[in-house]
Amino acid sequence: MTAALQILIGGAALCGGAATGAVYYATYAVRTQWLGPAVWRGRGDVSSVALTFDDGPSPDTERILDILEQCGVGATFFMVGRHVERHPETARRVVACGHDIGNHSYSHPIYLYRRARETYRQLARTQDVISDVTGVRPTWSRPPCGVRTRAYFDAARALGLCTVQWTVSGLDWKRRSPQSIAGRVIEHAAPGSIVLLHDGDSAGKRDRSRTVAALPLIVDGLTRRGLHVSSLTQLIHTPASEA
Ligand SMILES: [Zn+2]
């Protein structure tokens, strides 16, 4: 395996899986476009990065919202449908605070191991749950662990969902210190980077206190590097005048 390929699939290594070779690359590699279009970074002509949070909402989402508010920055939350049902008030607060939201499946399955019909149901059910709870129907989707299949792209297309992966992961799903999470993000971020963090746990078991503690360090460190935190919308949409 080449170093470049190792980097490409590295972000998805958390989920393991039995797939091998080309199938593994096509479905797990964060940046590959083999099976369908996926945004993995934004425009690089502005000194901005976007923060994204997966697997919530959870009780820790409330603390993350507090910090984002104190820092005066926006973020995007890719929500798990069943967690939205458990924490509807938090999901509504995310929207009320002006943050963007996306579809991160209903129960966080790896789509590679699901039939096409189940994949579609995961996406469609979550669209309905998020829409019913928050009043907003997502236009973005991030599949669990970034794993994409043909059936996933068929479903996303049918539901009008654009797929958003990431450029830099804080690896906060590992047991890392807040300083380690922040250090990794600050070191690897560049203009246009989409940063992956977690405000919840897919199984709803582990807390995200380390991510909460890392967040002020991340915003501060990015600012010191001359990088502004902007919304995903601003980062991936080219103004019409420049199109
Ligand atoms: Zn996830």
# chains A, B, ... in the order shown; residues from 1 in each chain; ligands from 1
>>> residues_around(residues="A:Ser47", least_positions_apart="4", cutoff="8 Å", atoms="only C-alpha atoms", output="number ranges by chain")
A: 190-192, 226-228
>>> residues_around(residues="A:Val84", least_positions_apart="2", cutoff="8 Å", atoms="only C-alpha atoms", output="list in words")
Gly56, Pro57, Met79, Val80, Gly81, Arg82, Arg86, His87, Pro88, Thr90, Ala91, Val129, Ile130 and Val133 of chain A
>>> closest_atom_pairs(of="chain A", to="ligand 1", cutoff="10 Å", atoms="only C-alpha atoms and all ligand atoms", output="JSON lines")
{"residue": "A:Cys15", "atom": "CA", "partner": "ligand 1", "partner_atom_place_in_ligand_line": "1 (Zn)", "distance": 9.7}
{"residue": "A:Phe53", "atom": "CA", "partner": "ligand 1", "partner_atom_place_in_ligand_line": "1 (Zn)", "distance": 8.9}
{"residue": "A:Asp54", "atom": "CA", "partner": "ligand 1", "partner_atom_place_in_ligand_line": "1 (Zn)", "distance": 5.3}
{"residue": "A:Asp55", "atom": "CA", "partner": "ligand 1", "partner_atom_place_in_ligand_line": "1 (Zn)", "distance": 4.8}
{"residue": "A:Gly56", "atom": "CA", "partner": "ligand 1", "partner_atom_place_in_ligand_line": "1 (Zn)", "distance": 8.5}
{"residue": "A:Phe78", "atom": "CA", "partner": "ligand 1", "partner_atom_place_in_ligand_line": "1 (Zn)", "distance": 8.1}
{"residue": "A:Met79", "atom": "CA", "partner": "ligand 1", "partner_atom_place_in_ligand_line": "1 (Zn)", "distance": 8.5}
{"residue": "A:Val80", "atom": "CA", "partner": "ligand 1", "partner_atom_place_in_ligand_line": "1 (Zn)", "distance": 7.8}
{"residue": "A:His104", "atom": "CA", "partner": "ligand 1", "partner_atom_place_in_ligand_line": "1 (Zn)", "distance": 6.6}
{"residue": "A:Ser105", "atom": "CA", "partner": "ligand 1", "partner_atom_place_in_ligand_line": "1 (Zn)", "distance": 8.6}
{"residue": "A:Ser107", "atom": "CA", "partner": "ligand 1", "partner_atom_place_in_ligand_line": "1 (Zn)", "distance": 9.6}
{"residue": "A:His108", "atom": "CA", "partner": "ligand 1", "partner_atom_place_in_ligand_line": "1 (Zn)", "distance": 6.4}
{"residue": "A:Pro109", "atom": "CA", "partner": "ligand 1", "partner_atom_place_in_ligand_line": "1 (Zn)", "distance": 8.9}
{"residue": "A:Ile110", "atom": "CA", "partner": "ligand 1", "partner_atom_place_in_ligand_line": "1 (Zn)", "distance": 9.5}
{"residue": "A:Arg142", "atom": "CA", "partner": "ligand 1", "partner_atom_place_in_ligand_line": "1 (Zn)", "distance": 8.1}
{"residue": "A:Pro143", "atom": "CA", "partner": "ligand 1", "partner_atom_place_in_ligand_line": "1 (Zn)", "distance": 7.3}
{"residue": "A:Pro144", "atom": "CA", "partner": "ligand 1", "partner_atom_place_in_ligand_line": "1 (Zn)", "distance": 4.4}
{"residue": "A:Cys145", "atom": "CA", "partner": "ligand 1", "partner_atom_place_in_ligand_line": "1 (Zn)", "distance": 5.4}
{"residue": "A:Gly146", "atom": "CA", "partner": "ligand 1", "partner_atom_place_in_ligand_line": "1 (Zn)", "distance": 7.9}
{"residue": "A:Trp173", "atom": "CA", "partner": "ligand 1", "partner_atom_place_in_ligand_line": "1 (Zn)", "distance": 9.4}
{"residue": "A:Leu196", "atom": "CA", "partner": "ligand 1", "partner_atom_place_in_ligand_line": "1 (Zn)", "distance": 9.9}
{"residue": "A:Leu197", "atom": "CA", "partner": "ligand 1", "partner_atom_place_in_ligand_line": "1 (Zn)", "distance": 9.5}
{"residue": "A:His198", "atom": "CA", "partner": "ligand 1", "partner_atom_place_in_ligand_line": "1 (Zn)", "distance": 7.7}
{"residue": "A:Asp199", "atom": "CA", "partner": "ligand 1", "partner_atom_place_in_ligand_line": "1 (Zn)", "distance": 9.8}
{"residue": "A:Gly200", "atom": "CA", "partner": "ligand 1", "partner_atom_place_in_ligand_line": "1 (Zn)", "distance": 8.5}
{"residue": "A:Asp201", "atom": "CA", "partner": "ligand 1", "partner_atom_place_in_ligand_line": "1 (Zn)", "distance": 7.5}
{"residue": "A:Ser202", "atom": "CA", "partner": "ligand 1", "partner_atom_place_in_ligand_line": "1 (Zn)", "distance": 5.8}
{"residue": "A:Ala203", "atom": "CA", "partner": "ligand 1", "partner_atom_place_in_ligand_line": "1 (Zn)", "distance": 9.5}
>>> residues_around(residues="A:Ser177", least_positions_apart="4", cutoff="9 Å", atoms="only C-alpha atoms", output="list in words")
Asp172, Ile181, Ala182, Arg210, Thr211, Ala213 and Ala214 of chain A
>>> write_last_selection(atoms="N, CA and C atoms", output="mmCIF file, in the first residue's frame")
data_model
loop_
_atom_site.group_PDB
_atom_site.id
_atom_site.type_symbol
_atom_site.label_atom_id
_atom_site.label_comp_id
_atom_site.auth_asym_id
_atom_site.auth_seq_id
_atom_site.Cartn_x
_atom_site.Cartn_y
_atom_site.Cartn_z
ATOM 1 N N ASP A 172 -10.868 12.266 17.640
ATOM 2 C CA ASP A 172 -11.366 12.362 19.008
ATOM 3 C C ASP A 172 -12.190 11.155 19.414
ATOM 4 N N ILE A 181 -5.991 16.224 20.630
ATOM 5 C CA ILE A 181 -7.045 16.446 19.622
ATOM 6 C C ILE A 181 -6.834 17.806 18.959
ATOM 7 N N ALA A 182 -6.660 18.826 19.787
ATOM 8 C CA ALA A 182 -6.502 20.187 19.259
ATOM 9 C C ALA A 182 -5.219 20.312 18.446
ATOM 10 N N ARG A 210 -13.658 15.257 26.234
ATOM 11 C CA ARG A 210 -12.342 15.641 25.702
ATOM 12 C C ARG A 210 -12.490 16.560 24.488
ATOM 13 N N THR A 211 -13.474 16.283 23.673
ATOM 14 C CA THR A 211 -13.730 17.160 22.514
ATOM 15 C C THR A 211 -14.193 18.530 22.989
ATOM 16 N N ALA A 213 -13.404 19.961 25.762
ATOM 17 C CA ALA A 213 -12.230 20.678 26.291
ATOM 18 C C ALA A 213 -11.276 21.108 25.174
ATOM 19 N N ALA A 214 -11.267 20.346 24.085
ATOM 20 C CA ALA A 214 -10.354 20.666 22.968
ATOM 21 C C ALA A 214 -10.860 21.840 22.138
#
>>> atom_distance(atom1="atom CA of A:Asp100", atom2="atom CA of A:Leu51")
10.5 Å
>>> closest_residue(among="A:Glu85, A:Glu118, A:Asp220, A:Asp66", to="A:Gly183", atoms="only C-alpha atoms")
A:Asp220
>>> atom_distance(atom1="atom CA of A:Gly74", atom2="atom CA of A:Leu171")
20.5 Å
>>> closest_residue(among="A:Thr61, A:Thr32, A:Gln70, A:Thr139", to="A:Leu232", atoms="only C-alpha atoms")
A:Thr139
>>> closest_residue(among="A:Arg93, A:Arg41, A:Lys205, A:Arg115", to="A:Thr134", atoms="only C-alpha atoms")
A:Arg93
>>> closest_residue(among="A:Ala38, A:Ala50, A:Leu222, A:Val95", to="A:Thr163", atoms="only C-alpha atoms")
A:Ala38
>>> residues_around(residues="A:Ala151", least_positions_apart="6", cutoff="8 Å", atoms="only C-alpha atoms", output="number ranges by chain")
A: 115-116, 119-120
>>> select_by_dssp(residues="chain A", states="strand (DSSP E or B)", output="count of residues only")
32
>>> select_by_dssp(residues="stretch 16-67 of chain A", states="alpha helix (DSSP H)", output="PyMOL selection string")
chain A and resi 21-28+59-67
>>> closest_residue(among="A:Asp154, A:Gly42, A:Leu161, A:Tyr111", to="A:Thr233", atoms="only C-alpha atoms")
A:Gly42
>>> atom_distance(atom1="atom CA of A:Pro37", atom2="atom CA of A:Tyr25")
14.7 Å
>>> closest_residue(among="A:Leu65, A:Ser169, A:Val195, A:Val185", to="A:Arg225", atoms="only C-alpha atoms")
A:Val185
